[in-house]
>>> print(open('model-v1.pdb').read())   # PDB, C-alpha atoms
ATOM      1  CA  MET J   1     -39.624 -83.683  77.493
ATOM      2  CA  ALA J   2     -38.516 -85.440  74.296
ATOM      3  CA  SER J   3     -35.691 -82.929  73.773
ATOM      4  CA  VAL J   4     -34.455 -83.493  77.318
ATOM      5  CA  LEU J   5     -34.441 -87.279  76.829
ATOM      6  CA  ASN J   6     -32.079 -86.735  73.880
ATOM      7  CA  GLU J   7     -29.291 -86.162  76.411
ATOM      8  CA  LYS J   8     -26.640 -88.800  75.724
ATOM      9  CA  TYR J   9     -26.822 -90.478  79.127
ATOM     10  CA  PHE J  10     -30.500 -91.339  78.541
ATOM     11  CA  HIS J  11     -29.697 -93.702  75.662
ATOM     12  CA  ASP J  12     -25.952 -94.443  75.768
ATOM     13  CA  GLU J  13     -24.592 -96.815  78.438
ATOM     14  CA  PRO J  14     -21.009 -95.440  78.727
ATOM     15  CA  ALA J  15     -22.430 -91.911  78.998
ATOM     16  CA  ALA J  16     -24.877 -93.112  81.672
ATOM     17  CA  PHE J  17     -22.016 -94.522  83.769
ATOM     18  CA  ALA J  18     -20.064 -91.285  83.332
ATOM     19  CA  ALA J  19     -23.113 -89.274  84.430
ATOM     20  CA  LEU J  20     -23.744 -91.482  87.478
ATOM     21  CA  GLU J  21     -20.099 -91.291  88.521
ATOM     22  CA  GLY J  22     -20.281 -87.507  88.220
ATOM     23  CA  ILE J  23     -23.289 -87.476  90.556
ATOM     24  CA  MET J  24     -22.011 -90.003  93.100
ATOM     25  CA  TRP J  25     -18.301 -89.136  92.940
ATOM     26  CA  PRO J  26     -17.898 -85.361  92.403
ATOM     27  CA  ASP J  27     -14.089 -85.730  92.632
ATOM     28  CA  GLY J  28     -14.060 -88.050  89.640
ATOM     29  CA  GLU J  29     -13.145 -91.220  91.510
ATOM     30  CA  PRO J  30     -14.547 -93.314  94.368
ATOM     31  CA  SER J  31     -13.875 -91.883  97.808
ATOM     32  CA  SER J  32     -13.294 -95.419  99.142
ATOM     33  CA  CYS J  33     -13.721 -99.057  98.162
ATOM     34  CA  PRO J  34     -17.323-100.206  98.790
ATOM     35  CA  HIS J  35     -15.997-103.667  99.718
ATOM     36  CA  CYS J  36     -13.192-102.944 102.203
ATOM     37  CA  GLY J  37     -13.437 -99.183 102.756
ATOM     38  CA  VAL J  38      -9.784 -98.477 101.898
ATOM     39  CA  ILE J  39      -9.212 -94.996 100.429
ATOM     40  CA  GLY J  40      -7.168 -94.234  97.313
ATOM     41  CA  ARG J  41      -6.360 -97.769  96.148
ATOM     42  CA  ALA J  42      -8.934 -98.091  93.328
ATOM     43  CA  ASN J  43      -8.107 -97.790  89.631
ATOM     44  CA  ARG J  44     -10.351 -97.824  86.579
ATOM     45  CA  LEU J  45     -10.288-100.941  84.386
ATOM     46  CA  ALA J  46     -10.763-101.205  80.645
ATOM     47  CA  VAL J  47     -14.170-102.257  79.303
ATOM     48  CA  GLN J  48     -14.597-105.999  79.751
ATOM     49  CA  ARG J  49     -17.186-108.517  78.601
ATOM     50  CA  SER J  50     -19.486-110.715  80.630
ATOM     51  CA  LYS J  51     -19.773-114.470  80.138
ATOM     52  CA  PRO J  52     -21.384-115.521  76.821
ATOM     53  CA  SER J  53     -25.084-116.355  76.863
ATOM     54  CA  LYS J  54     -27.780-117.304  74.354
ATOM     55  CA  LYS J  55     -28.874-113.681  74.094
ATOM     56  CA  HIS J  56     -25.300-112.356  73.974
ATOM     57  CA  PRO J  57     -23.058-115.076  72.461
ATOM     58  CA  GLU J  58     -19.999-112.825  72.666
ATOM     59  CA  GLY J  59     -20.857-111.522  76.115
ATOM     60  CA  LYS J  60     -22.168-108.091  77.074
ATOM     61  CA  PRO J  61     -19.727-105.190  77.500
ATOM     62  CA  VAL J  62     -19.279-104.241  81.156
ATOM     63  CA  TYR J  63     -18.737-100.505  81.608
ATOM     64  CA  GLY J  64     -17.510 -98.446  84.543
ATOM     65  CA  LEU J  65     -15.414-101.161  86.195
ATOM     66  CA  TRP J  66     -13.005-100.266  89.000
ATOM     67  CA  LYS J  67     -10.647-102.500  90.967
ATOM     68  CA  CYS J  68      -9.482-102.019  94.536
ATOM     69  CA  TYR J  69      -5.859-103.140  94.916
ATOM     70  CA  ALA J  70      -6.237-103.480  98.662
ATOM     71  CA  CYS J  71      -8.906-106.229  98.645
ATOM     72  CA  ARG J  72      -8.473-107.152  94.926
ATOM     73  CA  LYS J  73     -12.222-106.881  94.278
ATOM     74  CA  GLN J  74     -13.987-105.185  91.372
ATOM     75  CA  PHE J  75     -16.951-102.822  91.548
ATOM     76  CA  THR J  76     -18.866-100.170  89.650
ATOM     77  CA  VAL J  77     -20.602 -96.990  90.757
ATOM     78  CA  ARG J  78     -23.803 -99.057  91.077
ATOM     79  CA  LYS J  79     -22.389-100.839  94.131
ATOM     80  CA  GLY J  80     -24.185 -99.863  97.334
ATOM     81  CA  THR J  81     -27.106 -98.176  95.567
ATOM     82  CA  VAL J  82     -30.642 -99.166  94.575
ATOM     83  CA  PHE J  83     -29.224 -99.874  91.081
ATOM     84  CA  GLU J  84     -26.968-102.670  92.338
ATOM     85  CA  GLU J  85     -27.393-106.091  90.683
ATOM     86  CA  SER J  86     -30.145-104.793  88.404
ATOM     87  CA  ARG J  87     -30.328-106.316  84.927
ATOM     88  CA  LEU J  88     -31.854-103.115  83.612
ATOM     89  CA  GLU J  89     -29.406-100.950  81.684
ATOM     90  CA  LEU J  90     -28.222 -97.882  83.561
ATOM     91  CA  HIS J  91     -29.472 -95.493  80.863
ATOM     92  CA  GLN J  92     -32.941 -97.011  81.345
ATOM     93  CA  TRP J  93     -32.685 -96.233  85.055
ATOM     94  CA  PHE J  94     -31.978 -92.604  84.119
ATOM     95  CA  GLN J  95     -35.060 -92.570  81.883
ATOM     96  CA  ALA J  96     -37.243 -94.016  84.646
ATOM     97  CA  ALA J  97     -35.887 -91.559  87.221
ATOM     98  CA  TYR J  98     -36.511 -88.606  84.916
ATOM     99  CA  LEU J  99     -40.072 -89.683  84.121
ATOM    100  CA  LEU J 100     -40.876 -90.178  87.814
ATOM    101  CA  CYS J 101     -39.305 -86.853  88.817
ATOM    102  CA  ALA J 102     -40.788 -84.792  85.983
ATOM    103  CA  SER J 103     -44.374 -86.061  86.297
ATOM    104  CA  LYS J 104     -46.201 -84.088  88.966
ATOM    105  CA  LYS J 105     -48.698 -86.854  89.703
ATOM    106  CA  GLY J 106     -46.380 -89.812  89.245
ATOM    107  CA  VAL J 107     -45.918 -92.493  86.599
ATOM    108  CA  SER J 108     -47.637 -95.865  86.733
ATOM    109  CA  ALA J 109     -45.795 -99.172  86.510
ATOM    110  CA  ASN J 110     -47.650 -99.861  83.257
ATOM    111  CA  GLN J 111     -46.306 -96.644  81.750
ATOM    112  CA  LEU J 112     -42.738 -97.497  82.803
ATOM    113  CA  HIS J 113     -43.248-101.005  81.409
ATOM    114  CA  ARG J 114     -44.221 -99.597  78.001
ATOM    115  CA  THR J 115     -41.556 -96.866  77.943
ATOM    116  CA  LEU J 116     -38.594 -98.952  79.109
ATOM    117  CA  GLY J 117     -39.574-102.107  77.236
ATOM    118  CA  CYS J 118     -39.190-104.259  80.343
ATOM    119  CA  THR J 119     -41.632-106.583  82.093
ATOM    120  CA  LEU J 120     -44.397-105.148  84.266
ATOM    121  CA  LYS J 121     -42.874-106.843  87.308
ATOM    122  CA  THR J 122     -39.531-105.134  86.643
ATOM    123  CA  ALA J 123     -41.202-101.755  86.068
ATOM    124  CA  TRP J 124     -43.127-102.051  89.356
ATOM    125  CA  PHE J 125     -39.921-102.796  91.262
ATOM    126  CA  VAL J 126     -38.004-100.014  89.478
ATOM    127  CA  GLY J 127     -40.632 -97.526  90.675
ATOM    128  CA  HIS J 128     -40.330 -98.688  94.276
ATOM    129  CA  ARG J 129     -36.524 -98.604  94.233
ATOM    130  CA  LEU J 130     -36.595 -95.039  92.919
ATOM    131  CA  ARG J 131     -39.099 -94.066  95.625
ATOM    132  CA  GLU J 132     -36.695 -95.565  98.151
ATOM    133  CA  ALA J 133     -33.970 -93.324  96.685
ATOM    134  CA  MET J 134     -36.252 -90.311  97.188
ATOM    135  CA  ARG J 135     -36.872 -91.157 100.843
ATOM    136  CA  GLU J 136     -35.243 -88.881 103.414
ATOM    137  CA  LEU J 137     -32.950 -90.667 105.812
ATOM    138  CA  HIS J 138     -33.589 -90.043 109.494
ATOM    139  CA  PRO J 139     -32.747 -88.216 111.644
ATOM    140  CA  VAL J 140     -33.483 -84.995 109.785
ATOM    141  CA  SER J 141     -33.586 -81.475 111.136
ATOM    142  CA  PRO J 142     -37.021 -80.077 112.097
ATOM    143  CA  ILE J 143     -38.875 -77.869 109.630
ATOM    144  CA  GLY J 144     -39.985 -74.333 110.461
ATOM    145  CA  GLY J 145     -38.191 -71.990 112.831
ATOM    146  CA  LYS J 146     -38.510 -68.550 114.359
ATOM    147  CA  GLY J 147     -41.135 -66.495 112.523
ATOM    148  CA  LYS J 148     -42.059 -69.371 110.212
ATOM    149  CA  ILE J 149     -45.471 -71.010 109.899
ATOM    150  CA  VAL J 150     -46.006 -74.764 109.728
ATOM    151  CA  GLU J 151     -49.386 -76.245 108.866
ATOM    152  CA  ALA J 152     -50.449 -79.693 110.104
ATOM    153  CA  ASP J 153     -53.365 -81.742 108.881
ATOM    154  CA  GLU J 154     -54.389 -85.348 108.416
ATOM    155  CA  THR J 155     -56.134 -87.158 105.595
ATOM    156  CA  TYR J 156     -57.232 -90.689 104.740
ATOM    157  CA  VAL J 157     -56.151 -92.786 101.772
ATOM    158  CA  GLY J 158     -58.340 -95.563 100.426
ATOM    159  CA  GLY J 159     -61.503 -96.338  98.508
ATOM    160  CA  LYS J 160     -65.062 -96.000  99.704
ATOM    161  CA  GLU J 161     -66.496 -98.961 101.528
ATOM    162  CA  LYS J 162     -69.637 -98.929  99.398
ATOM    163  CA  ASN J 163     -67.502 -99.562  96.291
ATOM    164  CA  LYS J 164     -65.922-102.709  97.729
ATOM    165  CA  HIS J 165     -67.164-106.240  97.261
ATOM    166  CA  ALA J 166     -69.646-107.207  99.958
ATOM    167  CA  ASN J 167     -67.332-109.788 101.554
ATOM    168  CA  LYS J 168     -64.528-107.181 101.842
ATOM    169  CA  ARG J 169     -66.689-104.356 103.138
ATOM    170  CA  LEU J 170     -65.938-103.369 106.742
ATOM    171  CA  ASN J 171     -68.703-100.799 107.096
ATOM    172  CA  ALA J 172     -71.353 -99.658 104.652
ATOM    173  CA  GLY J 173     -71.365 -96.152 106.134
ATOM    174  CA  ARG J 174     -69.137 -93.143 105.515
ATOM    175  CA  GLY J 175     -65.966 -92.060 107.287
ATOM    176  CA  ALA J 176     -62.438 -93.370 107.671
ATOM    177  CA  VAL J 177     -63.298 -97.056 108.051
ATOM    178  CA  GLY J 178     -61.021 -99.167 105.863
ATOM    179  CA  LYS J 179     -58.761 -96.205 104.991
ATOM    180  CA  GLU J 180     -55.171 -95.421 106.003
ATOM    181  CA  PRO J 181     -54.451 -92.211 107.975
ATOM    182  CA  VAL J 182     -51.689 -89.860 106.821
ATOM    183  CA  LEU J 183     -50.272 -86.842 108.667
ATOM    184  CA  SER J 184     -48.571 -84.062 106.690
ATOM    185  CA  LEU J 185     -46.623 -81.060 107.969
ATOM    186  CA  VAL J 186     -45.986 -78.235 105.503
ATOM    187  CA  GLU J 187     -43.804 -75.190 106.066
ATOM    188  CA  ARG J 188     -45.275 -72.286 104.093
ATOM    189  CA  GLY J 189     -42.912 -71.565 101.221
ATOM    190  CA  GLY J 190     -40.796 -74.526 102.297
ATOM    191  CA  LYS J 191     -40.874 -78.281 102.630
ATOM    192  CA  VAL J 192     -43.371 -80.978 103.525
ATOM    193  CA  ARG J 193     -43.031 -84.033 105.768
ATOM    194  CA  SER J 194     -45.646 -86.783 105.482
ATOM    195  CA  ARG J 195     -46.047 -89.917 107.521
ATOM    196  CA  HIS J 196     -48.314 -92.936 107.423
ATOM    197  CA  VAL J 197     -49.600 -93.184 110.998
ATOM    198  CA  ALA J 198     -51.507 -95.878 112.879
ATOM    199  CA  ASN J 199     -54.275 -93.474 113.923
ATOM    200  CA  VAL J 200     -54.945 -89.760 114.399
ATOM    201  CA  GLY J 201     -55.084 -89.820 118.196
ATOM    202  CA  ALA J 202     -53.091 -87.470 120.428
ATOM    203  CA  LYS J 203     -50.673 -90.218 121.542
ATOM    204  CA  THR J 204     -49.715 -90.846 117.912
ATOM    205  CA  LEU J 205     -49.668 -87.323 116.459
ATOM    206  CA  ARG J 206     -48.158 -85.304 119.307
ATOM    207  CA  PRO J 207     -44.716 -87.029 119.249
ATOM    208  CA  VAL J 208     -44.532 -86.547 115.472
ATOM    209  CA  LEU J 209     -45.333 -82.827 115.761
ATOM    210  CA  THR J 210     -42.771 -82.194 118.505
ATOM    211  CA  GLU J 211     -40.085 -84.202 116.709
ATOM    212  CA  GLN J 212     -40.549 -82.809 113.201
ATOM    213  CA  ILE J 213     -41.385 -79.122 113.865
ATOM    214  CA  ASP J 214     -39.052 -76.519 115.385
ATOM    215  CA  LYS J 215     -40.454 -75.288 118.710
ATOM    216  CA  ALA J 216     -39.994 -71.647 117.616
ATOM    217  CA  SER J 217     -42.494 -72.143 114.760
ATOM    218  CA  ARG J 218     -46.091 -70.951 114.572
ATOM    219  CA  LEU J 219     -48.365 -73.972 114.207
ATOM    220  CA  MET J 220     -51.581 -73.760 112.158
ATOM    221  CA  THR J 221     -54.196 -76.538 112.249
ATOM    222  CA  ASP J 222     -57.910 -77.200 111.927
ATOM    223  CA  GLU J 223     -60.287 -77.758 114.828
ATOM    224  CA  ASN J 224     -59.172 -81.349 115.550
ATOM    225  CA  ALA J 225     -59.114 -81.868 119.324
ATOM    226  CA  VAL J 226     -55.646 -83.454 119.292
ATOM    227  CA  TYR J 227     -53.867 -80.213 118.340
ATOM    228  CA  PRO J 228     -54.465 -77.713 121.203
ATOM    229  CA  ALA J 229     -52.335 -79.625 123.741
ATOM    230  CA  ALA J 230     -49.496 -80.115 121.266
ATOM    231  CA  GLY J 231     -49.839 -76.506 120.079
ATOM    232  CA  ARG J 232     -48.840 -75.189 123.506
ATOM    233  CA  GLU J 233     -45.312 -76.487 122.889
ATOM    234  CA  PHE J 234     -44.795 -74.059 119.987
ATOM    235  CA  ALA J 235     -44.405 -70.286 119.780
ATOM    236  CA  GLU J 236     -48.038 -69.922 118.699
ATOM    237  CA  HIS J 237     -50.955 -72.135 117.751
ATOM    238  CA  GLY J 238     -53.652 -70.876 115.414
ATOM    239  CA  SER J 239     -56.611 -72.866 114.143
ATOM    240  CA  VAL J 240     -59.665 -72.586 111.922
ATOM    241  CA  ASN J 241     -62.991 -74.344 112.341
ATOM    242  CA  HIS J 242     -63.893 -76.107 109.098
ATOM    243  CA  SER J 243     -67.107 -77.541 110.573
ATOM    244  CA  ILE J 244     -68.696 -74.074 110.652
ATOM    245  CA  GLY J 245     -67.363 -73.060 107.240
ATOM    246  CA  GLU J 246     -64.339 -71.105 108.519
ATOM    247  CA  TYR J 247     -61.304 -71.647 106.312
ATOM    248  CA  VAL J 248     -59.224 -68.475 106.773
ATOM    249  CA  ARG J 249     -58.880 -66.099 109.709
ATOM    250  CA  GLY J 250     -55.999 -63.678 109.260
ATOM    251  CA  ASP J 251     -52.959 -65.858 108.530
ATOM    252  CA  ALA J 252     -54.518 -68.877 110.246
ATOM    253  CA  HIS J 253     -55.439 -71.504 107.650
ATOM    254  CA  THR J 254     -54.433 -74.947 106.411
ATOM    255  CA  ASN J 255     -54.802 -74.213 102.707
ATOM    256  CA  THR J 256     -51.140 -74.999 101.932
ATOM    257  CA  VAL J 257     -51.282 -78.531 103.296
ATOM    258  CA  GLU J 258     -54.689 -79.020 101.666
ATOM    259  CA  CYS J 259     -53.100 -78.111  98.310
ATOM    260  CA  TYR J 260     -50.440 -80.747  98.916
ATOM    261  CA  PHE J 261     -53.157 -83.311  99.671
ATOM    262  CA  SER J 262     -54.934 -82.403  96.429
ATOM    263  CA  ILE J 263     -51.813 -83.234  94.378
ATOM    264  CA  PHE J 264     -51.231 -86.443  96.320
ATOM    265  CA  LYS J 265     -54.835 -87.594  95.976
ATOM    266  CA  ARG J 266     -54.889 -86.845  92.210
ATOM    267  CA  GLY J 267     -51.795 -89.019  91.882
ATOM    268  CA  ILE J 268     -53.376 -91.875  93.808
ATOM    269  CA  VAL J 269     -56.771 -91.662  92.086
ATOM    270  CA  GLY J 270     -55.630 -90.796  88.573
ATOM    271  CA  THR J 271     -52.268 -92.566  88.211
ATOM    272  CA  TYR J 272     -51.809 -95.332  90.760
ATOM    273  CA  HIS J 273     -55.508 -96.097  91.435
ATOM    274  CA  HIS J 274     -54.703 -98.311  94.423
ATOM    275  CA  VAL J 275     -51.964 -98.169  97.054
ATOM    276  CA  SER J 276     -51.582-100.954  99.605
ATOM    277  CA  PRO J 277     -50.814 -99.994 103.233
ATOM    278  CA  GLN J 278     -47.314-101.535 103.204
ATOM    279  CA  HIS J 279     -46.250 -99.353 100.261
ATOM    280  CA  LEU J 280     -48.007 -96.118 101.245
ATOM    281  CA  LYS J 281     -44.890 -94.730 102.952
ATOM    282  CA  ARG J 282     -42.925 -94.920  99.691
ATOM    283  CA  TYR J 283     -45.610 -93.140  97.676
ATOM    284  CA  LEU J 284     -45.616 -90.423 100.350
ATOM    285  CA  ALA J 285     -41.825 -90.181  99.997
ATOM    286  CA  GLU J 286     -42.239 -89.740  96.232
ATOM    287  CA  PHE J 287     -44.774 -86.902  96.490
ATOM    288  CA  ASP J 288     -42.844 -85.279  99.356
ATOM    289  CA  PHE J 289     -39.653 -85.362  97.263
ATOM    290  CA  ARG J 290     -41.230 -83.671  94.248
ATOM    291  CA  TYR J 291     -42.872 -81.039  96.463
ATOM    292  CA  ASN J 292     -39.590 -80.349  98.286
ATOM    293  CA  ASN J 293     -37.729 -80.023  94.970
ATOM    294  CA  ARG J 294     -40.313 -78.051  93.007
ATOM    295  CA  ILE J 295     -39.941 -75.318  90.419
ATOM    296  CA  ALA J 296     -41.093 -72.674  92.932
ATOM    297  CA  LEU J 297     -37.937 -73.428  94.955
ATOM    298  CA  GLY J 298     -35.753 -73.119  91.850
ATOM    299  CA  VAL J 299     -35.362 -76.849  91.166
ATOM    300  CA  GLY J 300     -35.841 -77.975  87.553
ATOM    301  CA  ASP J 301     -36.583 -81.464  86.246
ATOM    302  CA  LEU J 302     -32.965 -82.435  85.498
ATOM    303  CA  VAL J 303     -31.684 -81.154  88.851
ATOM    304  CA  ARG J 304     -34.543 -82.964  90.599
ATOM    305  CA  THR J 305     -33.612 -86.180  88.779
ATOM    306  CA  ALA J 306     -29.951 -85.848  89.748
ATOM    307  CA  SER J 307     -30.975 -85.272  93.361
ATOM    308  CA  ALA J 308     -33.133 -88.419  93.360
ATOM    309  CA  ILE J 309     -30.321 -90.475  91.845
ATOM    310  CA  LYS J 310     -27.840 -89.144  94.400
ATOM    311  CA  GLY J 311     -30.256 -90.275  97.107
ATOM    312  CA  ALA J 312     -29.861 -93.861  95.859
ATOM    313  CA  SER J 313     -26.470 -94.128  97.552
ATOM    314  CA  GLY J 314     -26.353 -96.353 100.618
ATOM    315  CA  LYS J 315     -29.816 -97.829 100.041
ATOM    316  CA  ARG J 316     -30.790-101.321  98.930
ATOM    317  CA  LEU J 317     -34.276-102.669  98.374
ATOM    318  CA  LEU J 318     -34.542-106.346  97.511
ATOM    319  CA  TYR J 319     -37.617-107.657  95.714
ATOM    320  CA  ARG J 320     -38.307-110.213  98.433
ATOM    321  CA  ASP J 321     -38.288-107.441 101.037
ATOM    322  CA  SER J 322     -40.222-104.797  99.101
ATOM    323  CA  SER J 323     -43.620-105.925 100.362
ATOM    324  CA  VAL J 324     -42.708-105.945 104.050
ATOM    325  CA  ARG J 325     -40.323-103.033 104.607
TER     326      ARG J 325
END
>>> encode(input="model-v1.pdb", output="structure tokens")
Amino acid sequence: MASVLNEKYFHDEPAAFAALEGIMWPDGEPSSCPHCGVIGRANRLAVQRSKPSKKHPEGKPVYGLWKCYACRKQFTVRKGTVFEESRLELHQWFQAAYLLCASKKGVSANQLHRTLGCTLKTAWFVGHRLREAMRELHPVSPIGGKGKIVEADETYVGGKEKNKHANKRLNAGRGAVGKEPVLSLVERGGKVRSRHVANVGAKTLRPVLTEQIDKASRLMTDENAVYPAAGREFAEHGSVNHSIGEYVRGDAHTNTVECYFSIFKRGIVGTYHHVSPQHLKRYLAEFDFRYNNRIALGVGDLVRTASAIKGASGKRLLYRDSSVR
């Protein structure tokens, strides 16, 4: 990993801007002005300096500036992305994106804080903005298709009630009390789609299955009673009964989605330790993204990082909104 981080754009700001422009603007220039939308009226400006400050008496150099001669406004390639108005250097954003994309079980905010040399608060927000960049925008085409198999299963995220303080404990018994339900759909040899759901009842899960899976697919599930009715809408529905120790019958099994859950749970338990309900969807987006851009599909760490950075376009996540979105 150290040799990869020696790439110039990981430690040199002009090179980082050149790399980001290459990712966002394959033609070498902005397709349109992010302020007014006019095409072909933007020109690159020379490097300028920001206003002097105590930390930078002569002002900081401002790289990658462009000016639109239709609206007379300036902008950089950061405009309209999750990197916009960030005080973190762009090459540090590249480092953070690479670390998050190359680590199978994620990178904690504390690790980013130590690596980037920024505050813990900044590192936490950087992680969430990068997860937002990894998030798929809807609508997206269904997974599966004719002759393909899609596995569906649900899991619960959260600590055991017995480990909580007595005044926070909802139920001393076992089960899903106090945990957050997650539904994942995995196409064998393909992609995964995960969603934080309100519950695992038929009224909640059935619309997700019919929306996210191609009707020509073969659906594989466990013995959960919510699946048979939904399964009739697909080319075939196969299931296994885990309660009696049946895990594989022919090509009917849910082992692929269980493997995905194992990676996700190791990330939560071993790296993040605790995930609040309002942020769970972004952690799911992170693990989905790495699974959908994995080595087995021919996607290496650098390509995965570039893909995540490209996904930052058109997305903004403000700190004041990060806890409620």
>>> closest_atom_pairs(input="model-v1.pdb", of="region 22-112 of chain J", to="region 302-325 of chain J", cutoff="9 Å", atoms="only C-alpha atoms", output="tab-separated table")
residue	atom	partner	partner_atom	distance
J:Ile23	CA	J:Lys310	CA	6.2
J:Met24	CA	J:Lys310	CA	6.0
J:Arg78	CA	J:Ser313	CA	8.6
J:Lys79	CA	J:Ser313	CA	8.6
J:Gly80	CA	J:Gly314	CA	5.3
J:Thr81	CA	J:Ser313	CA	4.6
J:Val82	CA	J:Arg316	CA	4.9
J:Phe83	CA	J:Ala312	CA	7.7
J:Glu84	CA	J:Arg316	CA	7.7
J:Phe94	CA	J:Thr305	CA	8.1
J:Ala97	CA	J:Thr305	CA	6.0
J:Tyr98	CA	J:Thr305	CA	5.4
J:Leu99	CA	J:Thr305	CA	8.7
J:Leu100	CA	J:Thr305	CA	8.3
J:Cys101	CA	J:Thr305	CA	5.7
J:Ala102	CA	J:Thr305	CA	7.8
>>> closest_residue(input="model-v1.pdb", among="J:Glu7, J:His91, J:Gln111, J:Ser86", to="Leu20 (chain J)", atoms="all atoms listed in the file")
J:His91
>>> residues_around(input="model-v1.pdb", residues="Leu116 (chain J)", least_positions_apart="6", cutoff="9 Å", atoms="all atoms listed in the file", output="list in words")
Gln92, Trp93, Gln95, Ala96 and Ala123 of chain J
>>> closest_atom_pairs(input="model-v1.pdb", of="region 126-183 of chain J", to="region 271-293 of chain J", cutoff="9 Å", atoms="only C-alpha atoms", output="tab-separated table")
residue	atom	partner	partner_atom	distance
J:His128	CA	J:Arg282	CA	7.1
J:Leu130	CA	J:Glu286	CA	8.4
J:Arg131	CA	J:Glu286	CA	5.4
J:Glu132	CA	J:Arg282	CA	6.4
J:Met134	CA	J:Phe289	CA	6.0
J:Arg135	CA	J:Ala285	CA	5.1
J:Glu136	CA	J:Ala285	CA	7.5
J:Val157	CA	J:Val275	CA	8.3
J:Gly158	CA	J:His274	CA	7.5
J:Gly159	CA	J:His274	CA	8.2
J:Lys179	CA	J:Pro277	CA	9.0
J:Glu180	CA	J:Pro277	CA	6.9
J:Val182	CA	J:Leu284	CA	8.9
>>> resolve_selection(input="model-v1.pdb", expression="the PyMOL selection byres ((chain J and resi 199) around 10)", output="ChimeraX atom specification")
/J:154,180-183,196-198,200-205
>>> write_last_selection(input="model-v1.pdb", atoms="C-alpha atoms", output="compact mmCIF listing (two decimals), in the coordinates of the input")
# COMPACT_ATOMS: atom_id res chain seq x y z
CA GLU J 154 -54.39 -85.35 108.42
CA GLU J 180 -55.17 -95.42 106.00
CA PRO J 181 -54.45 -92.21 107.98
CA VAL J 182 -51.69 -89.86 106.82
CA LEU J 183 -50.27 -86.84 108.67
CA HIS J 196 -48.31 -92.94 107.42
CA VAL J 197 -49.60 -93.18 111.00
CA ALA J 198 -51.51 -95.88 112.88
CA VAL J 200 -54.94 -89.76 114.40
CA GLY J 201 -55.08 -89.82 118.20
CA ALA J 202 -53.09 -87.47 120.43
CA LYS J 203 -50.67 -90.22 121.54
CA THR J 204 -49.72 -90.85 117.91
CA LEU J 205 -49.67 -87.32 116.46
